[in-house]
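Below is the file data39.cif, which contains mmCIF, C-alpha atoms.
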```cif
data_input
#
loop_
_atom_site.group_PDB
_atom_site.id
_atom_site.type_symbol
_atom_site.label_atom_id
_atom_site.label_comp_id
_atom_site.auth_asym_id
_atom_site.auth_seq_id
_atom_site.Cartn_x
_atom_site.Cartn_y
_atom_site.Cartn_z
ATOM 1 C CA MET N 217 179.279 110.995 90.278
ATOM 2 C CA SER N 218 176.217 110.056 88.215
ATOM 3 C CA ALA N 219 174.186 112.510 90.361
ATOM 4 C CA ILE N 220 176.033 115.441 88.832
ATOM 5 C CA ALA N 221 175.560 114.170 85.271
ATOM 6 C CA PRO N 222 172.056 115.685 84.703
ATOM 7 C CA VAL N 223 173.390 119.092 85.780
ATOM 8 C CA MET N 224 176.322 118.713 83.399
ATOM 9 C CA ILE N 225 173.918 117.797 80.588
ATOM 10 C CA LEU N 226 171.956 121.020 81.137
ATOM 11 C CA LEU N 227 175.148 123.102 81.326
ATOM 12 C CA ALA N 228 176.450 121.462 78.145
ATOM 13 C CA TYR N 229 173.225 122.303 76.313
ATOM 14 C CA LEU N 230 173.337 125.941 77.467
ATOM 15 C CA CYS N 231 177.009 126.180 76.527
ATOM 16 C CA GLY N 232 176.279 124.732 73.104
ATOM 17 C CA SER N 233 173.422 127.210 72.652
ATOM 18 C CA ILE N 234 175.867 130.128 72.493
ATOM 19 C CA SER N 235 176.071 130.566 68.712
ATOM 20 C CA SER N 236 179.550 131.900 68.006
ATOM 21 C CA ALA N 237 178.830 132.296 64.276
ATOM 22 C CA ILE N 238 176.011 134.744 64.945
ATOM 23 C CA LEU N 239 177.926 136.624 67.667
ATOM 24 C CA VAL N 240 181.147 136.891 65.643
ATOM 25 C CA CYS N 241 179.223 138.161 62.620
ATOM 26 C CA ARG N 242 177.472 140.777 64.757
ATOM 27 C CA VAL N 243 180.730 141.993 66.306
ATOM 28 C CA ALA N 244 182.531 142.033 62.941
ATOM 29 C CA GLY N 245 179.647 143.755 61.159
ATOM 30 C CA LEU N 246 179.072 140.790 58.846
ATOM 31 C CA PRO N 247 175.726 139.587 57.460
ATOM 32 C CA ASP N 248 173.631 137.252 59.620
ATOM 33 C CA PRO N 249 174.814 133.721 58.686
ATOM 34 C CA ARG N 250 171.264 132.414 59.167
ATOM 35 C CA LEU N 251 170.007 134.668 56.375
ATOM 36 C CA ASN N 252 172.988 134.720 54.026
ATOM 37 C CA GLY N 253 175.256 132.246 52.247
ATOM 38 C CA SER N 254 174.177 128.689 52.958
ATOM 39 C CA GLY N 255 171.963 129.835 55.851
ATOM 40 C CA ASN N 256 173.962 127.676 58.251
ATOM 41 C CA PRO N 257 175.460 129.509 61.265
ATOM 42 C CA GLY N 258 178.769 127.664 61.277
ATOM 43 C CA ALA N 259 182.451 128.242 60.527
ATOM 44 C CA THR N 260 182.223 127.233 56.851
ATOM 45 C CA ASN N 261 179.477 129.736 56.088
ATOM 46 C CA VAL N 262 181.256 132.465 58.065
ATOM 47 C CA LEU N 263 184.352 131.726 55.961
ATOM 48 C CA ARG N 264 182.315 132.537 52.858
ATOM 49 C CA LEU N 265 180.774 135.650 54.379
ATOM 50 C CA GLY N 266 183.679 137.171 56.278
ATOM 51 C CA GLY N 267 186.948 135.432 55.476
ATOM 52 C CA LYS N 268 189.465 133.350 57.380
ATOM 53 C CA GLY N 269 189.818 135.408 60.566
ATOM 54 C CA ALA N 270 186.134 135.336 61.448
ATOM 55 C CA ALA N 271 185.846 131.665 60.476
ATOM 56 C CA VAL N 272 188.795 130.652 62.679
ATOM 57 C CA ALA N 273 187.274 132.520 65.640
ATOM 58 C CA VAL N 274 183.976 130.681 65.140
ATOM 59 C CA LEU N 275 185.717 127.331 64.719
ATOM 60 C CA ILE N 276 187.764 127.693 67.924
ATOM 61 C CA PHE N 277 184.748 128.735 69.977
ATOM 62 C CA ASP N 278 182.576 125.932 68.586
ATOM 63 C CA VAL N 279 185.246 123.344 69.405
ATOM 64 C CA LEU N 280 185.682 124.707 72.932
ATOM 65 C CA LYS N 281 181.983 124.673 73.762
ATOM 66 C CA GLY N 282 181.940 120.954 72.995
ATOM 67 C CA MET N 283 185.270 120.220 74.649
ATOM 68 C CA LEU N 284 184.956 122.053 77.968
ATOM 69 C CA PRO N 285 181.741 120.442 79.323
ATOM 70 C CA VAL N 286 182.909 116.936 78.370
ATOM 71 C CA TRP N 287 186.418 117.517 79.704
ATOM 72 C CA ALA N 288 185.008 118.834 83.006
ATOM 73 C CA ALA N 289 182.693 115.815 83.321
ATOM 74 C CA TYR N 290 185.547 113.459 82.410
ATOM 75 C CA GLU N 291 187.712 114.966 85.166
ATOM 76 C CA LEU N 292 184.841 114.547 87.641
ATOM 77 C CA GLY N 293 184.738 110.823 86.893
ATOM 78 C CA VAL N 294 181.437 110.701 84.980
ATOM 79 C CA THR N 295 180.889 107.333 83.280
ATOM 80 C CA PRO N 296 181.216 106.925 79.475
ATOM 81 C CA PHE N 297 177.441 106.629 78.982
ATOM 82 C CA TRP N 298 176.774 109.953 80.703
ATOM 83 C CA LEU N 299 179.755 111.532 78.953
ATOM 84 C CA GLY N 300 178.110 110.597 75.667
ATOM 85 C CA LEU N 301 174.866 112.280 76.713
ATOM 86 C CA ILE N 302 176.779 115.398 77.787
ATOM 87 C CA ALA N 303 178.527 115.517 74.415
ATOM 88 C CA ILE N 304 175.204 115.086 72.606
ATOM 89 C CA ALA N 305 173.648 117.831 74.761
ATOM 90 C CA ALA N 306 176.385 120.269 73.711
ATOM 91 C CA CYS N 307 175.761 119.421 70.049
ATOM 92 C CA ILE N 308 171.984 119.691 70.447
ATOM 93 C CA GLY N 309 172.546 123.126 71.970
ATOM 94 C CA HIS N 310 174.584 124.120 68.920
ATOM 95 C CA ILE N 311 172.009 122.705 66.500
ATOM 96 C CA TRP N 312 168.913 124.002 68.351
ATOM 97 C CA PRO N 313 170.162 126.912 70.508
ATOM 98 C CA VAL N 314 167.675 128.183 73.068
ATOM 99 C CA PHE N 315 169.225 131.676 72.882
ATOM 100 C CA PHE N 316 168.773 132.022 69.102
ATOM 101 C CA ASN N 317 165.257 130.773 68.344
ATOM 102 C CA PHE N 318 166.473 127.178 68.014
ATOM 103 C CA HIS N 319 168.131 127.931 64.658
ATOM 104 C CA GLY N 320 171.727 126.679 64.819
ATOM 105 C CA GLY N 321 174.453 124.947 62.861
ATOM 106 C CA LYS N 322 175.217 121.324 62.097
ATOM 107 C CA GLY N 323 177.366 120.564 65.117
ATOM 108 C CA VAL N 324 180.522 119.240 63.438
ATOM 109 C CA ALA N 325 183.083 121.419 65.243
ATOM 110 C CA THR N 326 181.241 121.033 68.555
ATOM 111 C CA ALA N 327 181.148 117.248 68.130
ATOM 112 C CA PHE N 328 184.866 117.252 67.349
ATOM 113 C CA GLY N 329 185.506 119.234 70.528
ATOM 114 C CA ALA N 330 183.366 116.811 72.525
ATOM 115 C CA ILE N 331 185.405 113.839 71.271
ATOM 116 C CA ALA N 332 188.779 115.549 71.816
ATOM 117 C CA PRO N 333 189.030 114.882 75.611
ATOM 118 C CA ILE N 334 189.172 111.128 74.878
ATOM 119 C CA GLY N 335 192.761 111.546 73.715
ATOM 120 C CA TRP N 336 195.110 113.603 71.527
ATOM 121 C CA ASP N 337 195.889 110.587 69.345
ATOM 122 C CA LEU N 338 192.210 110.213 68.436
ATOM 123 C CA THR N 339 191.885 113.982 67.971
ATOM 124 C CA GLY N 340 194.781 114.010 65.511
ATOM 125 C CA VAL N 341 193.420 111.113 63.485
ATOM 126 C CA MET N 342 189.943 112.681 63.332
ATOM 127 C CA ALA N 343 191.300 116.068 62.260
ATOM 128 C CA GLY N 344 193.501 114.417 59.637
ATOM 129 C CA THR N 345 190.551 112.437 58.246
ATOM 130 C CA TRP N 346 188.389 115.544 57.887
ATOM 131 C CA LEU N 347 191.177 117.630 56.360
ATOM 132 C CA LEU N 348 192.219 114.941 53.886
ATOM 133 C CA SER N 349 188.604 114.356 52.829
ATOM 134 C CA VAL N 350 188.045 118.079 52.208
ATOM 135 C CA LEU N 351 191.324 118.549 50.343
ATOM 136 C CA LEU N 352 190.704 115.548 48.078
ATOM 137 C CA SER N 353 187.016 116.206 47.401
ATOM 138 C CA GLY N 354 186.602 119.961 47.844
ATOM 139 C CA TYR N 355 183.400 119.348 49.840
ATOM 140 C CA SER N 356 183.343 120.481 53.467
ATOM 141 C CA SER N 357 180.137 118.509 54.038
ATOM 142 C CA LEU N 358 181.682 115.305 52.692
ATOM 143 C CA GLY N 359 184.586 115.692 55.106
ATOM 144 C CA ALA N 360 182.118 115.936 57.986
ATOM 145 C CA ILE N 361 180.105 112.934 56.758
ATOM 146 C CA ILE N 362 183.158 110.706 56.298
ATOM 147 C CA SER N 363 184.544 111.721 59.696
ATOM 148 C CA ALA N 364 181.213 110.969 61.390
ATOM 149 C CA LEU N 365 181.040 107.548 59.740
ATOM 150 C CA ILE N 366 184.588 106.585 60.706
ATOM 151 C CA ALA N 367 184.666 108.134 64.199
ATOM 152 C CA PRO N 368 183.125 105.140 66.064
ATOM 153 C CA PHE N 369 185.708 102.793 64.516
ATOM 154 C CA TYR N 370 188.573 105.086 65.505
ATOM 155 C CA VAL N 371 187.224 105.295 69.043
ATOM 156 C CA TRP N 372 186.766 101.525 69.212
ATOM 157 C CA TRP N 373 190.455 101.170 68.314
ATOM 158 C CA PHE N 374 191.787 103.763 70.769
ATOM 159 C CA ARG N 375 189.253 103.749 73.645
ATOM 160 C CA PRO N 376 186.574 101.069 73.124
ATOM 161 C CA GLU N 377 184.579 102.047 76.224
ATOM 162 C CA PHE N 378 183.536 105.267 74.458
ATOM 163 C CA THR N 379 182.384 103.591 71.224
ATOM 164 C CA PHE N 380 178.654 103.677 71.950
ATOM 165 C CA PRO N 381 178.478 107.363 73.020
ATOM 166 C CA VAL N 382 180.527 108.435 69.990
ATOM 167 C CA ALA N 383 178.324 106.320 67.717
ATOM 168 C CA MET N 384 175.279 108.202 69.051
ATOM 169 C CA LEU N 385 177.048 111.486 68.382
ATOM 170 C CA SER N 386 177.915 110.388 64.842
ATOM 171 C CA CYS N 387 174.272 109.510 64.147
ATOM 172 C CA LEU N 388 173.230 113.018 65.184
ATOM 173 C CA ILE N 389 175.790 114.602 62.841
ATOM 174 C CA LEU N 390 174.734 112.376 59.941
ATOM 175 C CA MET N 391 171.069 113.258 60.517
ATOM 176 C CA ARG N 392 171.940 116.968 60.331
ATOM 177 C CA HIS N 393 173.711 116.374 57.029
ATOM 178 C CA HIS N 394 170.746 114.649 55.406
ATOM 179 C CA ASP N 395 170.259 117.460 52.864
ATOM 180 C CA ASN N 396 173.988 117.519 52.063
ATOM 181 C CA ILE N 397 173.971 113.765 51.478
ATOM 182 C CA GLN N 398 171.069 114.183 49.050
ATOM 183 C CA ARG N 399 172.858 116.989 47.165
ATOM 184 C CA LEU N 400 176.092 115.005 47.016
ATOM 185 C CA TRP N 401 174.209 112.002 45.634
ATOM 186 C CA ARG N 402 172.587 114.175 42.951
ATOM 187 C CA GLY N 403 175.810 116.026 42.151
ATOM 188 C CA GLN N 404 174.284 119.336 43.289
ATOM 189 C CA GLU N 405 176.571 120.121 46.238
ATOM 190 C CA THR N 406 178.877 123.075 45.569
ATOM 191 C CA LYS N 407 182.561 122.764 46.372
ATOM 192 C CA ILE N 408 183.831 125.120 49.046
ATOM 193 C CA TRP N 409 186.466 126.582 46.702
ATOM 194 C CA LYS N 410 183.798 127.620 44.175
ATOM 195 C CA LYS N 411 181.727 129.326 46.845
ATOM 196 C CA LEU N 412 184.740 131.248 48.106
ATOM 197 C CA ARG N 413 185.582 132.300 44.545
ATOM 198 C CA LYS N 414 182.027 133.550 43.953
ATOM 199 C CA ASN N 415 182.121 135.649 47.114
ATOM 200 C CA LYS N 416 185.457 137.199 46.138
ATOM 201 C CA ASP N 417 184.071 138.103 42.736
ATOM 202 C CA LYS N 418 181.011 139.724 44.323
ATOM 203 C CA LYS N 419 183.212 141.858 46.613
ATOM 204 C CA LYS N 420 185.214 143.097 43.621
ATOM 205 C CA GLU N 421 182.067 144.243 41.791
#
```

Serialized structure, structure tokens:
Amino acid sequence: MSAIAPVMILLAYLCGSISSAILVCRVAGLPDPRLNGSGNPGATNVLRLGGKGAAVAVLIFDVLKGMLPVWAAYELGVTPFWLGLIAIAACIGHIWPVFFNFHGGKGVATAFGAIAPIGWDLTGVMAGTWLLSVLLSGYSSLGAIISALIAPFYVWWFRPEFTFPVAMLSCLILMRHHDNIQRLWRGQETKIWKKLRKNKDKKKE
């Protein structure tokens, strides 16, 4: 089955390159997320620009485009190493999409979707970690960073054979959050609740 893996890697990249944030904003008549808000075409920025409905649509699509290629490869019997590369390809597609001038998001939802086929128990723990981190801190980026740091340990506990691929995926996510880590360290990162409040105030004016 390793012969099919390179094809799956290419398909995963192309699937990841479909930027749902940009497409949803176009369909809904919202501002381009690459040019407005944080400038990041992801669910969190769409939440600020267009509200919960648009953000949920983006989130679901981003999760699916990471989940479906990995799930298909998993069902075909692809080995853990190649599964990891397929998952990374989907995230690279999201981060540097060939269809949108290589300007994409940070890959958190897509990475979560790519990890989900490993098992529902792991998926639940990962989702709970992200949600708890965001609720306690108010920082969406911090939730992503903490989840990426802990993910390899969770995987090692539940399915140790996937530890290395997930660790590679976590490194990619952490690299994409380099600027957020710097802002958090300096106390310059804005809490998601404050950003939402500012946008509501602007709409009222």

query: Contacts of Ile366 in chain N at 10 Å or less, counting only C-alpha atoms, minus same-chain residues fewer than 5 places along, as an NGL selection string?
result: :N and (342 or 345 or 361 or 371 or 383 or 386)

field: Residue members of the PyMOL selection byres ((chain N and resi 400-405) around 12) in the file shown, as a VMD selection string
entry: chain N and resid 254 353 to 359 361 393 to 399 406 to 411

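For Phe328 in chain N, the list of residues within 10 Å, based on all atoms listed in the file and with local chain neighbours fewer than 2 positions off taken out, reads Asp278, Val279, Leu280, Gly282, Met283, Ala303, Cys307, Gly323, Val324, Ala325, Thr326, Ala330, Ile331, Ala332, Pro333, Thr339, Met342, Ala343, Ala360, Ser363, Ala364, Ala367 and Leu385 of chain N.
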
message: Under the PyMOL selection byres ((chain N and resi 238-253) around 10), which residues of this model are included? Write them out as a ChimeraX atom specification.
response: /N:234-237,254-266,270-271,273-274,277,316,319-321,411,415

message: If the PyMOL selection byres ((chain N and resi 305) around 12) were run on this exact file, what residues would it hold? Put them as a PyMOL selection string.
response: chain N and resi 221-233+281-283+285-286+298-304+306-313+323+326-327+330+381+384-385+388

statement: Here CA of Trp336 in chain N and CA of Ile220 in chain N stand apart by 25.8 Å

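CA of Ala219 in chain N lies 27.6 Å from CA of Ile389 in chain N.
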
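Rounded to one decimal, CA of Met391 in chain N and CA of Lys322 in chain N lie 9.2 Å from each other.
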
Could you work out an axis-aligned box for range 320-324 of chain N, taking every atom the file lists and adding 8 Å on each side, and report centre and edge lengths in Å to one decimal, as AutoDock Vina command-line options?
```
--center_x 176.1 --center_y 123.0 --center_z 63.6 --size_x 24.8 --size_y 23.4 --size_z 19.0
```

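When only C-alpha atoms are used to measure the gap to Tyr290 in chain N, the shortest distance among N:Phe378, N:Leu347, N:Asn317, N:Tyr370 belongs to N:Phe378.
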
Output range 358-384 of chain N with N, CA, C and O atoms present, as an mmCIF file, in the coordinates of the input.
```cif
data_model
loop_
_atom_site.group_PDB
_atom_site.id
_atom_site.type_symbol
_atom_site.label_atom_id
_atom_site.label_comp_id
_atom_site.auth_asym_id
_atom_site.auth_seq_id
_atom_site.Cartn_x
_atom_site.Cartn_y
_atom_site.Cartn_z
ATOM 1 N N LEU N 358 181.237 116.693 52.853
ATOM 2 C CA LEU N 358 181.682 115.305 52.692
ATOM 3 C C LEU N 358 182.739 114.957 53.740
ATOM 4 O O LEU N 358 182.758 113.836 54.269
ATOM 5 N N GLY N 359 183.601 115.913 54.051
ATOM 6 C CA GLY N 359 184.586 115.692 55.106
ATOM 7 C C GLY N 359 183.921 115.403 56.438
ATOM 8 O O GLY N 359 184.344 114.512 57.184
ATOM 9 N N ALA N 360 182.855 116.148 56.735
ATOM 10 C CA ALA N 360 182.118 115.936 57.986
ATOM 11 C C ALA N 360 181.426 114.579 57.986
ATOM 12 O O ALA N 360 181.425 113.870 58.999
ATOM 13 N N ILE N 361 180.834 114.207 56.858
ATOM 14 C CA ILE N 361 180.105 112.934 56.758
ATOM 15 C C ILE N 361 181.052 111.750 56.919
ATOM 16 O O ILE N 361 180.776 110.808 57.669
ATOM 17 N N ILE N 362 182.184 111.793 56.212
ATOM 18 C CA ILE N 362 183.158 110.706 56.298
ATOM 19 C C ILE N 362 183.713 110.594 57.713
ATOM 20 O O ILE N 362 183.838 109.494 58.271
ATOM 21 N N SER N 363 184.017 111.727 58.327
ATOM 22 C CA SER N 363 184.544 111.721 59.696
ATOM 23 C C SER N 363 183.538 111.132 60.676
ATOM 24 O O SER N 363 183.904 110.366 61.572
ATOM 25 N N ALA N 364 182.252 111.494 60.503
ATOM 26 C CA ALA N 364 181.213 110.969 61.390
ATOM 27 C C ALA N 364 181.049 109.462 61.223
ATOM 28 O O ALA N 364 180.828 108.739 62.198
ATOM 29 N N LEU N 365 181.178 108.987 59.992
ATOM 30 C CA LEU N 365 181.040 107.548 59.740
ATOM 31 C C LEU N 365 182.191 106.743 60.334
ATOM 32 O O LEU N 365 181.998 105.648 60.872
ATOM 33 N N ILE N 366 183.401 107.310 60.262
ATOM 34 C CA ILE N 366 184.588 106.585 60.706
ATOM 35 C C ILE N 366 184.855 106.745 62.202
ATOM 36 O O ILE N 366 185.498 105.886 62.820
ATOM 37 N N ALA N 367 184.356 107.822 62.797
ATOM 38 C CA ALA N 367 184.666 108.134 64.199
ATOM 39 C C ALA N 367 184.448 106.966 65.168
ATOM 40 O O ALA N 367 185.330 106.676 65.989
ATOM 41 N N PRO N 368 183.312 106.248 65.103
ATOM 42 C CA PRO N 368 183.125 105.140 66.064
ATOM 43 C C PRO N 368 184.182 104.047 65.941
ATOM 44 O O PRO N 368 184.571 103.442 66.941
ATOM 45 N N PHE N 369 184.673 103.812 64.723
ATOM 46 C CA PHE N 369 185.708 102.793 64.516
ATOM 47 C C PHE N 369 187.053 103.249 65.087
ATOM 48 O O PHE N 369 187.784 102.453 65.685
ATOM 49 N N TYR N 370 187.359 104.540 64.903
ATOM 50 C CA TYR N 370 188.573 105.086 65.505
ATOM 51 C C TYR N 370 188.519 104.955 67.031
ATOM 52 O O TYR N 370 189.496 104.560 67.675
ATOM 53 N N VAL N 371 187.370 105.338 67.589
ATOM 54 C CA VAL N 371 187.224 105.295 69.043
ATOM 55 C C VAL N 371 187.311 103.854 69.555
ATOM 56 O O VAL N 371 187.921 103.584 70.592
ATOM 57 N N TRP N 372 186.696 102.939 68.826
ATOM 58 C CA TRP N 372 186.766 101.525 69.212
ATOM 59 C C TRP N 372 188.216 101.043 69.256
ATOM 60 O O TRP N 372 188.596 100.243 70.102
ATOM 61 N N TRP N 373 189.049 101.562 68.359
ATOM 62 C CA TRP N 373 190.455 101.170 68.314
ATOM 63 C C TRP N 373 191.250 101.781 69.471
ATOM 64 O O TRP N 373 192.038 101.096 70.112
ATOM 65 N N PHE N 374 191.009 103.073 69.749
ATOM 66 C CA PHE N 374 191.787 103.763 70.769
ATOM 67 C C PHE N 374 191.216 103.597 72.182
ATOM 68 O O PHE N 374 191.945 103.308 73.122
ATOM 69 N N ARG N 375 189.896 103.822 72.325
ATOM 70 C CA ARG N 375 189.253 103.749 73.645
ATOM 71 C C ARG N 375 187.880 103.095 73.492
ATOM 72 O O ARG N 375 186.868 103.787 73.395
ATOM 73 N N PRO N 376 187.823 101.771 73.441
ATOM 74 C CA PRO N 376 186.574 101.069 73.124
ATOM 75 C C PRO N 376 185.409 101.367 74.057
ATOM 76 O O PRO N 376 184.253 101.249 73.656
ATOM 77 N N GLU N 377 185.672 101.781 75.288
ATOM 78 C CA GLU N 377 184.579 102.047 76.224
ATOM 79 C C GLU N 377 183.734 103.254 75.815
ATOM 80 O O GLU N 377 182.614 103.452 76.311
ATOM 81 N N PHE N 378 184.271 104.082 74.914
ATOM 82 C CA PHE N 378 183.536 105.267 74.458
ATOM 83 C C PHE N 378 182.875 105.066 73.088
ATOM 84 O O PHE N 378 182.336 106.009 72.517
ATOM 85 N N THR N 379 182.903 103.845 72.577
ATOM 86 C CA THR N 379 182.384 103.591 71.224
ATOM 87 C C THR N 379 180.901 103.923 71.102
ATOM 88 O O THR N 379 180.481 104.595 70.147
ATOM 89 N N PHE N 380 180.104 103.456 72.040
ATOM 90 C CA PHE N 380 178.654 103.677 71.950
ATOM 91 C C PHE N 380 178.282 105.158 72.019
ATOM 92 O O PHE N 380 177.501 105.640 71.179
ATOM 93 N N PRO N 381 178.811 105.934 72.987
ATOM 94 C CA PRO N 381 178.478 107.363 73.020
ATOM 95 C C PRO N 381 178.889 108.092 71.737
ATOM 96 O O PRO N 381 178.139 108.931 71.236
ATOM 97 N N VAL N 382 180.069 107.772 71.216
ATOM 98 C CA VAL N 382 180.527 108.435 69.990
ATOM 99 C C VAL N 382 179.669 108.019 68.798
ATOM 100 O O VAL N 382 179.397 108.825 67.905
ATOM 101 N N ALA N 383 179.222 106.774 68.787
ATOM 102 C CA ALA N 383 178.324 106.320 67.717
ATOM 103 C C ALA N 383 177.019 107.110 67.745
ATOM 104 O O ALA N 383 176.484 107.488 66.681
ATOM 105 N N MET N 384 176.490 107.388 68.931
ATOM 106 C CA MET N 384 175.279 108.202 69.051
ATOM 107 C C MET N 384 175.522 109.609 68.518
ATOM 108 O O MET N 384 174.684 110.175 67.815
#
```
